[in-house]
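run35.txt follows (compact mmCIF, C-alpha atoms):
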```txt
# COMPACT_ATOMS: atom_id res chain seq x y z
CA MET A 228 1.93 -24.45 -0.67
CA THR A 229 -1.06 -23.24 -2.69
CA LYS A 230 0.13 -21.50 -5.83
CA MET A 231 -1.58 -18.97 -8.05
CA ASN A 232 -4.13 -20.15 -10.60
CA THR A 233 -3.14 -19.29 -14.16
CA ASP A 234 -6.81 -18.84 -15.17
CA LYS A 235 -7.33 -16.42 -12.27
CA THR A 236 -10.31 -18.18 -10.76
CA PHE A 237 -10.44 -19.09 -7.10
CA SER A 238 -12.20 -21.95 -5.34
CA ALA A 239 -14.12 -21.69 -2.06
CA ALA A 240 -11.19 -23.26 -0.22
CA GLN A 241 -8.75 -20.72 -1.70
CA ILE A 242 -11.05 -17.78 -0.96
CA SER A 243 -11.35 -18.93 2.65
CA LYS A 244 -7.56 -19.03 3.02
CA MET A 245 -7.02 -15.71 1.23
CA PHE A 246 -9.47 -13.72 3.32
CA ARG A 247 -8.95 -15.76 6.48
CA VAL A 248 -12.61 -16.74 6.64
CA GLU A 249 -13.09 -18.44 9.98
CA SER A 250 -15.20 -21.53 10.54
CA SER A 251 -15.90 -23.93 7.70
CA LYS A 252 -16.11 -23.51 3.94
CA GLN A 253 -19.88 -23.56 4.44
CA THR A 254 -19.61 -20.02 5.86
CA LEU A 255 -18.54 -18.80 2.43
CA LEU A 256 -21.26 -20.74 0.65
CA ASN A 257 -23.89 -19.34 3.01
CA ALA A 258 -22.61 -15.82 2.28
CA GLU A 259 -23.03 -16.49 -1.44
CA GLU A 260 -26.55 -17.82 -0.95
CA LYS A 261 -27.57 -14.74 1.04
CA GLY A 262 -26.10 -12.37 -1.56
CA ILE A 263 -23.42 -11.06 0.80
CA ILE A 264 -20.74 -11.96 -1.76
CA PRO A 265 -21.01 -12.33 -5.56
CA THR A 266 -22.32 -15.53 -7.09
CA ALA A 267 -19.61 -17.91 -8.21
CA GLN A 268 -19.53 -19.56 -11.59
CA ARG A 269 -19.89 -23.35 -11.64
CA ILE A 270 -17.02 -25.11 -13.34
CA GLN A 271 -17.50 -28.69 -14.42
CA ARG A 272 -14.88 -31.19 -13.35
CA GLY A 273 -15.80 -34.65 -14.52
CA LYS A 274 -19.26 -35.51 -13.20
CA THR A 275 -19.22 -32.79 -10.54
CA ALA A 276 -19.09 -29.00 -10.57
CA TYR A 277 -17.28 -26.68 -8.19
CA ARG A 278 -17.68 -23.01 -7.38
CA ALA A 279 -15.06 -20.57 -8.69
CA TRP A 280 -14.86 -16.80 -8.29
CA SER A 281 -13.07 -14.54 -10.77
CA LEU A 282 -10.33 -12.03 -9.98
CA GLU A 283 -12.77 -9.21 -10.72
CA GLN A 284 -15.07 -10.47 -7.94
CA LEU A 285 -12.39 -10.60 -5.23
CA PRO A 286 -12.64 -6.93 -4.13
CA LEU A 287 -16.37 -7.36 -3.52
CA ILE A 288 -15.71 -10.51 -1.52
CA GLY A 289 -12.92 -8.84 0.45
CA LYS A 290 -15.08 -5.83 1.24
CA ALA A 291 -17.82 -8.08 2.58
CA ILE A 292 -15.92 -10.73 4.54
CA GLY A 293 -12.20 -9.84 4.46
CA TYR A 294 -9.94 -9.29 7.47
CA LEU A 295 -9.21 -5.61 6.73
CA ALA A 296 -11.70 -3.00 7.88
CA PRO A 297 -12.71 -0.51 5.17
CA ILE A 298 -10.90 2.84 5.11
CA GLU A 299 -13.53 5.37 6.15
CA ARG A 300 -11.57 8.54 5.33
CA PRO A 301 -9.02 9.10 2.51
CA THR A 302 -5.52 8.27 3.73
CA VAL A 303 -2.08 9.00 2.28
CA LEU A 304 0.59 6.48 3.23
CA SER A 305 4.34 6.59 2.59
CA VAL A 306 6.54 3.49 2.65
CA PHE A 307 10.07 4.69 3.32
CA SER A 308 13.36 3.34 4.56
CA LEU A 309 16.77 4.97 4.38
CA LYS A 310 18.45 1.74 3.28
CA GLY A 311 17.80 -0.38 0.20
CA GLY A 312 17.28 -4.11 0.37
CA THR A 313 14.72 -4.01 3.19
CA GLY A 314 11.81 -5.16 1.02
CA LYS A 315 10.38 -1.64 0.85
CA SER A 316 8.90 -1.75 -2.65
CA SER A 317 7.76 -5.33 -2.11
CA LEU A 318 5.92 -4.32 1.06
CA ALA A 319 4.41 -1.25 -0.64
CA PHE A 320 3.08 -3.41 -3.47
CA GLN A 321 1.68 -6.03 -1.11
CA VAL A 322 -0.07 -3.38 1.00
CA ALA A 323 -1.55 -1.71 -2.08
CA ARG A 324 -2.84 -4.89 -3.70
CA THR A 325 -4.15 -6.39 -0.47
CA TYR A 326 -6.16 -3.26 0.32
CA ALA A 327 -7.43 -3.24 -3.29
CA LEU A 328 -8.50 -6.88 -2.91
CA HIS A 329 -10.47 -5.80 0.15
CA GLY A 330 -12.44 -3.31 -1.92
CA SER A 331 -10.55 -0.10 -1.15
CA LYS A 332 -9.82 2.19 -4.08
CA VAL A 333 -6.01 2.42 -4.13
CA LEU A 334 -3.50 4.53 -6.08
CA MET A 335 0.18 3.53 -6.00
CA ILE A 336 2.76 6.24 -6.73
CA GLY A 337 6.41 5.27 -7.15
CA LEU A 338 9.13 7.85 -6.49
CA ASP A 339 12.21 5.91 -7.60
CA ALA A 340 13.83 6.55 -10.99
CA GLN A 341 14.83 2.86 -11.04
CA GLU A 342 11.10 2.06 -11.44
CA SER A 343 11.03 -0.76 -8.88
CA ILE A 344 7.33 -0.60 -8.09
CA THR A 345 6.33 0.29 -11.65
CA GLN A 346 8.00 -2.82 -13.06
CA THR A 347 5.88 -4.96 -10.74
CA LEU A 348 2.66 -3.09 -11.45
CA ARG A 349 3.16 -3.23 -15.22
CA LYS A 350 2.77 -7.01 -14.96
CA THR A 351 -0.80 -6.37 -13.82
CA THR A 352 -1.68 -4.13 -16.78
CA PRO A 353 -4.65 -5.48 -18.79
CA ARG A 354 -3.38 -7.56 -21.71
CA GLU A 355 -5.23 -5.66 -24.41
CA GLU A 356 -3.37 -2.50 -23.41
CA SER A 357 0.09 -4.06 -23.56
CA ALA A 358 -0.28 -6.64 -26.35
CA ASN A 359 1.81 -4.91 -29.02
CA ILE A 360 5.27 -3.97 -27.80
CA ASN A 361 5.86 -1.80 -30.88
CA HIS A 362 3.05 0.53 -29.84
CA ILE A 363 3.91 0.92 -26.17
CA THR A 364 4.51 4.54 -25.22
CA GLU A 365 5.85 5.69 -21.89
CA PRO A 366 2.98 7.18 -19.87
CA ASN A 367 3.21 10.62 -18.33
CA GLY A 368 4.52 10.76 -14.79
CA ILE A 369 4.41 13.26 -11.95
CA TYR A 370 7.51 15.05 -13.28
CA HIS A 371 5.76 15.85 -16.57
CA PHE A 372 2.56 16.83 -14.79
CA LEU A 373 4.29 19.24 -12.40
CA THR A 374 6.86 20.80 -14.72
CA ASP A 375 5.54 20.81 -18.31
CA LYS A 376 3.33 23.90 -18.40
CA GLU A 377 3.26 24.09 -22.20
CA LYS A 378 1.59 20.72 -22.67
CA ALA A 379 -0.75 21.24 -19.72
CA ILE A 380 -0.86 17.51 -19.01
CA GLU A 381 -4.19 16.30 -17.65
CA LEU A 382 -4.23 14.54 -14.30
CA GLU A 383 -6.26 11.70 -15.81
CA SER A 384 -3.43 10.81 -18.18
CA LEU A 385 -1.18 9.90 -15.27
CA ILE A 386 -3.39 7.18 -13.87
CA GLN A 387 -2.70 3.67 -15.18
CA LYS A 388 -5.02 0.68 -14.89
CA THR A 389 -4.24 -2.76 -13.50
CA ASP A 390 -6.12 -6.05 -13.63
CA LEU A 391 -8.06 -4.90 -10.55
CA ALA A 392 -10.58 -2.07 -10.93
CA THR A 393 -9.70 -0.99 -7.39
CA LEU A 394 -5.94 -0.64 -8.01
CA ASN A 395 -4.32 2.06 -10.15
CA TYR A 396 -0.84 3.53 -10.31
CA ILE A 397 1.20 6.45 -11.59
CA ALA A 398 4.26 5.18 -13.44
CA GLU A 399 7.80 6.09 -12.49
CA GLY A 400 10.40 7.18 -15.00
CA ILE A 401 13.99 8.30 -15.33
CA GLU A 402 12.72 11.89 -15.16
CA LEU A 403 12.25 11.47 -11.42
CA SER A 404 16.02 11.76 -11.10
CA VAL A 405 15.75 15.48 -11.95
CA LEU A 406 12.49 16.19 -10.11
CA ASP A 407 14.48 16.87 -6.95
CA ASN A 408 16.38 19.70 -8.67
CA TRP A 409 13.13 21.22 -9.92
CA LEU A 410 11.54 21.03 -6.47
CA ASN A 411 14.50 22.82 -4.89
CA GLN A 412 13.73 25.84 -7.06
CA GLN A 413 10.11 26.06 -5.93
CA THR A 414 8.63 28.06 -3.09
CA ARG A 415 6.89 25.85 -0.52
CA LYS A 416 8.67 22.89 -2.08
CA GLU A 417 7.83 20.68 0.91
CA TYR A 418 4.12 21.03 0.16
CA THR A 419 4.26 20.69 -3.64
CA LEU A 420 3.09 17.07 -3.80
CA LYS A 421 0.36 17.68 -1.25
CA GLU A 422 -1.04 20.80 -2.87
CA LYS A 423 -0.51 20.08 -6.58
CA LEU A 424 -0.92 16.30 -6.73
CA VAL A 425 -2.48 14.66 -3.67
CA ARG A 426 -5.33 17.08 -3.06
CA PRO A 427 -6.47 17.14 -6.73
CA LEU A 428 -6.28 13.32 -6.85
CA LEU A 429 -8.41 12.89 -3.74
CA LYS A 430 -10.88 15.53 -4.84
CA ARG A 431 -11.41 14.26 -8.39
CA PHE A 432 -11.00 10.49 -8.10
CA SER A 433 -12.14 9.61 -4.57
CA PHE A 434 -9.26 7.28 -3.75
CA ASP A 435 -9.47 5.65 -0.34
CA LEU A 436 -5.72 5.14 -0.13
CA ILE A 437 -2.77 6.79 -1.90
CA ILE A 438 0.57 5.06 -1.32
CA PHE A 439 3.97 6.62 -2.00
CA ASP A 440 6.81 4.13 -2.51
CA CYS A 441 9.66 6.48 -1.62
CA ASN A 442 13.20 6.48 -2.92
CA PRO A 443 15.59 5.17 -0.19
CA ALA A 444 17.70 8.34 -0.55
CA TRP A 445 16.19 11.18 1.48
CA ASN A 446 15.76 14.19 -0.80
CA SER A 447 13.25 16.97 -1.49
CA VAL A 448 10.88 14.59 -3.30
CA VAL A 449 10.76 12.27 -0.28
CA THR A 450 10.33 15.22 2.09
CA SER A 451 7.38 16.44 0.02
CA ALA A 452 5.82 12.96 0.00
CA LEU A 453 6.21 12.61 3.78
CA ALA A 454 4.69 16.06 4.33
CA ALA A 455 1.66 14.92 2.31
CA SER A 456 1.27 11.67 4.27
CA ASP A 457 -1.02 10.77 7.14
CA ALA A 458 0.76 7.48 7.77
CA LEU A 459 4.29 6.12 7.48
CA ILE A 460 5.54 2.53 7.29
CA SER A 461 9.28 1.96 7.58
CA PRO A 462 10.54 -1.56 6.83
CA LEU A 463 13.85 -2.25 8.58
CA GLY A 464 15.84 -5.32 7.61
CA ALA A 465 16.87 -7.70 10.39
CA ASP A 466 20.58 -7.32 9.64
CA ILE A 467 23.39 -5.32 11.22
CA ASN A 468 23.70 -2.72 8.43
CA SER A 469 19.98 -1.96 8.54
CA LEU A 470 20.23 -1.58 12.32
CA LYS A 471 22.98 1.03 11.90
CA ALA A 472 20.97 2.87 9.24
CA ALA A 473 17.88 2.80 11.48
CA ARG A 474 19.54 5.01 14.07
CA ILE A 475 20.36 7.64 11.45
CA PHE A 476 16.88 7.32 9.94
CA THR A 477 15.01 7.86 13.20
CA ASP A 478 17.13 10.91 14.03
CA LEU A 479 16.44 12.43 10.61
CA LEU A 480 12.75 11.62 10.93
CA ALA A 481 12.56 13.36 14.32
CA ASP A 482 14.23 16.45 12.81
CA PHE A 483 11.81 16.36 9.88
CA GLN A 484 8.77 16.26 12.19
CA ASP A 485 10.12 19.12 14.29
CA ASP A 486 11.05 21.31 11.31
CA MET A 487 7.78 20.66 9.48
CA ASN A 488 5.61 20.56 12.59
CA HIS A 489 4.21 17.37 11.11
CA THR A 490 3.04 14.37 13.08
CA PHE A 491 2.01 11.13 11.38
CA ASP A 492 -1.36 9.82 12.51
CA THR A 493 0.07 6.32 12.12
CA PHE A 494 3.73 5.31 12.16
CA PHE A 495 5.04 1.74 12.17
CA ILE A 496 8.48 0.21 11.95
CA VAL A 497 8.22 -3.25 10.38
CA PRO A 498 11.12 -5.70 10.90
CA THR A 499 11.67 -7.46 7.57
CA MET A 500 13.96 -10.05 6.00
CA LEU A 501 13.99 -11.96 9.30
CA GLU A 502 16.04 -15.17 9.29
CA ALA A 503 16.41 -18.01 11.79
CA ASN A 504 20.07 -17.24 12.63
CA LYS A 505 21.11 -15.69 15.93
CA LEU A 506 22.26 -12.35 14.48
CA SER A 507 18.99 -11.71 12.64
CA GLN A 508 16.96 -12.59 15.73
CA SER A 509 19.15 -10.30 17.85
CA VAL A 510 18.64 -7.36 15.48
CA GLN A 511 14.88 -7.93 15.61
CA ALA A 512 15.02 -7.92 19.42
CA ARG A 513 17.00 -4.68 19.32
CA TYR A 514 14.36 -3.02 17.15
CA ARG A 515 11.67 -4.01 19.64
CA LEU A 516 13.76 -2.70 22.53
CA ASP A 517 14.74 0.59 20.88
CA TYR A 518 11.42 1.39 19.21
CA ASP A 519 8.96 -0.34 21.53
CA THR A 520 5.38 0.59 20.53
CA LEU A 521 6.47 1.83 17.08
CA CYS A 522 7.53 -1.69 16.10
CA THR A 523 4.91 -4.08 14.74
CA ILE A 524 4.28 -7.17 16.83
CA THR A 525 4.70 -9.29 13.72
CA SER A 526 7.92 -9.43 11.70
CA ILE A 527 8.15 -10.46 8.04
CA ARG A 528 10.58 -13.29 7.46
CA ARG A 529 12.71 -13.69 4.34
CA ALA A 530 10.81 -16.02 2.00
CA VAL A 531 10.98 -17.10 -1.64
CA ALA A 532 7.18 -16.83 -1.87
CA VAL A 533 7.38 -13.05 -1.42
CA GLN A 534 9.83 -12.67 -4.31
CA GLU A 535 7.82 -15.04 -6.52
CA SER A 536 4.53 -13.24 -5.92
CA ASN A 537 6.10 -9.90 -6.83
CA LEU A 538 7.65 -11.38 -9.97
CA ASN A 539 4.18 -12.57 -10.97
CA GLY A 540 2.56 -9.21 -10.15
CA THR A 541 0.28 -10.81 -7.56
CA SER A 542 -0.24 -10.46 -3.84
CA LEU A 543 0.82 -13.15 -1.40
CA MET A 544 -2.85 -13.74 -0.66
CA GLU A 545 -3.38 -14.75 -4.28
CA TYR A 546 -0.10 -16.56 -4.79
CA ALA A 547 0.53 -18.43 -1.54
CA PRO A 548 -2.35 -17.94 0.92
CA ASP A 549 -1.31 -20.84 3.16
CA SER A 550 2.38 -19.90 3.36
CA PRO A 551 4.12 -18.78 6.59
CA ALA A 552 5.11 -15.56 4.78
CA TYR A 553 1.45 -14.73 4.25
CA ASP A 554 0.76 -15.39 7.93
CA ASP A 555 3.40 -12.77 8.72
CA PHE A 556 1.90 -10.31 6.28
CA VAL A 557 -1.65 -10.78 7.59
CA GLY A 558 -0.41 -9.94 11.08
CA VAL A 559 1.32 -6.76 9.90
CA MET A 560 -1.66 -5.69 7.77
CA LYS A 561 -4.09 -6.13 10.66
CA GLU A 562 -1.93 -3.95 12.89
CA ILE A 563 -1.59 -1.23 10.24
CA SER A 564 -5.29 -1.32 9.38
CA ALA A 565 -6.38 -1.11 13.00
CA ALA A 566 -4.03 1.83 13.69
CA ILE A 567 -5.21 3.74 10.60
CA ASN A 568 -8.85 3.27 11.58
CA VAL A 569 -8.23 4.36 15.18
CA ALA A 570 -6.46 7.49 13.91
CA GLN A 571 -9.35 8.22 11.54
CA MET A 572 -11.90 7.85 14.32
CA ALA A 573 -9.87 10.22 16.51
CA LYS A 574 -9.85 12.78 13.70
CA VAL A 575 -13.60 12.51 13.21
CA SER A 576 -14.18 12.87 16.95
CA LYS A 577 -11.95 15.96 17.07
CA VAL A 578 -13.77 17.58 14.13
CA ASN A 579 -17.18 16.83 15.68
CA LYS A 580 -16.12 18.36 19.01
CA LYS A 581 -15.04 21.54 17.24
CA LYS A 582 -18.36 21.72 15.40
CA SER A 583 -20.39 21.18 18.55
CA LYS A 584 -18.37 23.63 20.71
CA PRO A 585 -20.37 26.85 21.11
CA SER A 586 -18.82 30.12 20.06
CA ALA A 587 -17.91 32.70 22.69
CA ALA A 588 -20.95 34.83 21.76
CA ALA A 589 -23.26 31.84 22.00
CA ALA A 590 -21.76 30.87 25.34
CA GLU A 591 -22.52 34.33 26.76
CA LEU A 592 -26.15 34.02 25.69
```

Would you give me this structure, written as structure tokens?
Amino acid sequence: MTKMNTDKTFSAAQISKMFRVESSKQTLLNAEEKGIIPTAQRIQRGKTAYRAWSLEQLPLIGKAIGYLAPIERPTVLSVFSLKGGTGKSSLAFQVARTYALHGSKVLMIGLDAQESITQTLRKTTPREESANINHITEPNGIYHFLTDKEKAIELESLIQKTDLATLNYIAEGIELSVLDNWLNQQTRKEYTLKEKLVRPLLKRFSFDLIIFDCNPAWNSVVTSALAASDALISPLGADINSLKAARIFTDLLADFQDDMNHTFDTFFIVPTMLEANKLSQSVQARYRLDYDTLCTITSIRRAVAVQESNLNGTSLMEYAPDSPAYDDFVGVMKEISAAINVAQMAKVSKVNKKKSKPSAAAAEL
């Protein structure tokens, strides 16, 4: 299995595997020659030199020849499951980083006081910003931004950098544990994140994709995140306890959509933690039977490579691009990407029809 380079350079063979470039390695070299992708540096190895691309160049390569279509309209995506241990935060991180490596401008927002996604993303923070542990200060989070009127915290101060220019995040903190209480005291609490956070972020920073990694406990914060979201991904573990929780989750989700009059443009259930045993396979089959078109065609199997890539703060495509786990993930990502783009095209078509429809006065003339 191909493992991550410590110097963060990538050969033509690795790039081809990462972005699933079809045909031969020559396809990639031709793209470089024509200026379709950035020029690689030449690294000497003995008497020969080989091409190597830097981490900073990967988003440009992904945008040009990757397997994910670009996001044409800003999209807000929630990753949410009512049960822990389904690989929710892991999936959210992989989705965020993979889109960022394909050139989309991504913002990851964690909503769990245990800081699951933030701990992973902090490993991607540029070294010069985290070199001295004695001078590390906790960054502002959404709780401070929404509630601290005296300090008037700037939106810019929330956004943290990573080692990819296309990937940013807003850090979680223990304060999120009391954000739910604050929200419950607000009017229009369900729309707080949409109106006071998401809209300003999209307007001022032009993110292509904002991803909420939701707390597995359904509360007012999660409700507000879902109400702000165009798309929802729900990872469901291929085990009996996750199957039981899934029935409760789908009932609650149906009630939420009815009460809020909110329909997700894209909604996928992703079977995760799949194992080769009979029980796990049976649970997967049950998901496909019960949820039919909502269930992704591809399931994500339990794999050490997934855990290792998260521990290293890298995507599977960087860490293990020829692993079976990455094959699973590519399948899921292609399904999600295609559905998001279809939904966006439908929205554009609907808006254009409204614009072109003549008014009643014009129709009479």

Taking only residues of region 529-564 of chain A that have an atom at most 12 Å from an atom of region 485-498 of chain A, what is each one's shortest atom pair and its distance in Å to one decimal, using all atoms listed in the file, in chain and number order, as a tab-separated table?
```
residue	atom	partner	partner_atom	distance
A:Arg529	CA	A:Pro498	CA	10.5
A:Asp555	CA	A:Pro498	CA	10.7
A:Phe556	CA	A:Val497	CA	10.3
A:Gly558	CA	A:Val497	CA	10.9
A:Val559	CA	A:Val497	CA	7.8
A:Met560	CA	A:Val497	CA	10.5
A:Glu562	CA	A:Phe495	CA	9.0
A:Ile563	CA	A:Phe495	CA	7.5
A:Ser564	CA	A:Thr493	CA	9.7
```

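Within 8 Å of the point (5.7, 10.4, 0.7), and counting all atoms listed in the file, the protein, DNA and RNA residues are Leu304, Ser305, Val306, Phe307, Ile438, Phe439, Asp440, Cys441, Val448, Val449, Thr450, Ser451, Ala452, Leu453, Ala454, Ala455 and Ser456 of chain A.
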
- Item | Between CA of Gly289 (chain A) and CA of Ala458 (chain A), distance in Å (one decimal) | 22.5 Å

- Residue among A:Ala481, A:Leu318, A:Leu282, A:Leu403 lying closest to Ser447 (chain A), counting all atoms listed in the file: A:Leu403

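The coordinates place CA of Leu338 (chain A) at 20.3 Å from CA of Pro301 (chain A).
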
- Figure out the distance between CA of Leu428 (chain A) and CA of Thr347 (chain A), please, to one decimal in Å. 22.3 Å

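Compared by their closest atoms to Ser461 (chain A), and using only C-alpha atoms, the residues A:Ile344, A:Val405, A:Cys522, A:Leu391 rank with A:Cys522 nearest.
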
With N, CA and C atoms as the atom set, please write region 402-419 of chain A from the structure just given, as a PDB file, in the first residue's frame.
```
ATOM      1  N   GLU A 402     -16.955  25.405  24.962  1.00  0.00           N
ATOM      2  CA  GLU A 402     -18.067  26.345  25.032  1.00  0.00           C
ATOM      3  C   GLU A 402     -19.274  25.889  24.231  1.00  0.00           C
ATOM      4  N   LEU A 403     -19.055  25.005  23.255  1.00  0.00           N
ATOM      5  CA  LEU A 403     -20.174  24.501  22.467  1.00  0.00           C
ATOM      6  C   LEU A 403     -21.185  23.752  23.323  1.00  0.00           C
ATOM      7  N   SER A 404     -20.736  23.275  24.479  1.00  0.00           N
ATOM      8  CA  SER A 404     -21.640  22.527  25.358  1.00  0.00           C
ATOM      9  C   SER A 404     -22.736  23.419  25.927  1.00  0.00           C
ATOM     10  N   VAL A 405     -22.510  24.740  25.956  1.00  0.00           N
ATOM     11  CA  VAL A 405     -23.535  25.660  26.471  1.00  0.00           C
ATOM     12  C   VAL A 405     -24.191  26.479  25.362  1.00  0.00           C
ATOM     13  N   LEU A 406     -23.739  26.288  24.118  1.00  0.00           N
ATOM     14  CA  LEU A 406     -24.354  27.015  23.009  1.00  0.00           C
ATOM     15  C   LEU A 406     -25.819  26.626  22.835  1.00  0.00           C
ATOM     16  N   ASP A 407     -26.126  25.367  23.115  1.00  0.00           N
ATOM     17  CA  ASP A 407     -27.501  24.901  22.980  1.00  0.00           C
ATOM     18  C   ASP A 407     -28.427  25.674  23.920  1.00  0.00           C
ATOM     19  N   ASN A 408     -27.982  25.905  25.148  1.00  0.00           N
ATOM     20  CA  ASN A 408     -28.799  26.662  26.107  1.00  0.00           C
ATOM     21  C   ASN A 408     -29.026  28.087  25.632  1.00  0.00           C
ATOM     22  N   TRP A 409     -27.977  28.698  25.075  1.00  0.00           N
ATOM     23  CA  TRP A 409     -28.099  30.070  24.567  1.00  0.00           C
ATOM     24  C   TRP A 409     -29.070  30.129  23.389  1.00  0.00           C
ATOM     25  N   LEU A 410     -28.960  29.157  22.480  1.00  0.00           N
ATOM     26  CA  LEU A 410     -29.855  29.128  21.327  1.00  0.00           C
ATOM     27  C   LEU A 410     -31.317  29.015  21.738  1.00  0.00           C
ATOM     28  N   ASN A 411     -31.582  28.221  22.766  1.00  0.00           N
ATOM     29  CA  ASN A 411     -32.962  28.017  23.204  1.00  0.00           C
ATOM     30  C   ASN A 411     -33.626  29.285  23.734  1.00  0.00           C
ATOM     31  N   GLN A 412     -32.825  30.301  24.016  1.00  0.00           N
ATOM     32  CA  GLN A 412     -33.360  31.566  24.504  1.00  0.00           C
ATOM     33  C   GLN A 412     -33.566  32.586  23.380  1.00  0.00           C
ATOM     34  N   GLN A 413     -33.193  32.193  22.155  1.00  0.00           N
ATOM     35  CA  GLN A 413     -33.263  33.122  21.036  1.00  0.00           C
ATOM     36  C   GLN A 413     -34.557  32.938  20.250  1.00  0.00           C
ATOM     37  N   THR A 414     -35.045  34.049  19.683  1.00  0.00           N
ATOM     38  CA  THR A 414     -36.139  33.937  18.728  1.00  0.00           C
ATOM     39  C   THR A 414     -35.558  33.440  17.405  1.00  0.00           C
ATOM     40  N   ARG A 415     -36.335  32.674  16.656  1.00  0.00           N
ATOM     41  CA  ARG A 415     -35.878  32.098  15.389  1.00  0.00           C
ATOM     42  C   ARG A 415     -34.578  31.313  15.571  1.00  0.00           C
ATOM     43  N   LYS A 416     -34.525  30.563  16.683  1.00  0.00           N
ATOM     44  CA  LYS A 416     -33.296  29.845  17.011  1.00  0.00           C
ATOM     45  C   LYS A 416     -32.887  28.870  15.919  1.00  0.00           C
ATOM     46  N   GLU A 417     -33.879  28.304  15.208  1.00  0.00           N
ATOM     47  CA  GLU A 417     -33.569  27.328  14.159  1.00  0.00           C
ATOM     48  C   GLU A 417     -32.795  27.956  13.006  1.00  0.00           C
ATOM     49  N   TYR A 418     -32.915  29.265  12.845  1.00  0.00           N
ATOM     50  CA  TYR A 418     -32.273  29.927  11.706  1.00  0.00           C
ATOM     51  C   TYR A 418     -31.048  30.749  12.112  1.00  0.00           C
ATOM     52  N   THR A 419     -30.628  30.627  13.372  1.00  0.00           N
ATOM     53  CA  THR A 419     -29.513  31.439  13.859  1.00  0.00           C
ATOM     54  C   THR A 419     -28.227  31.186  13.083  1.00  0.00           C
TER      55      THR A 419
END
```
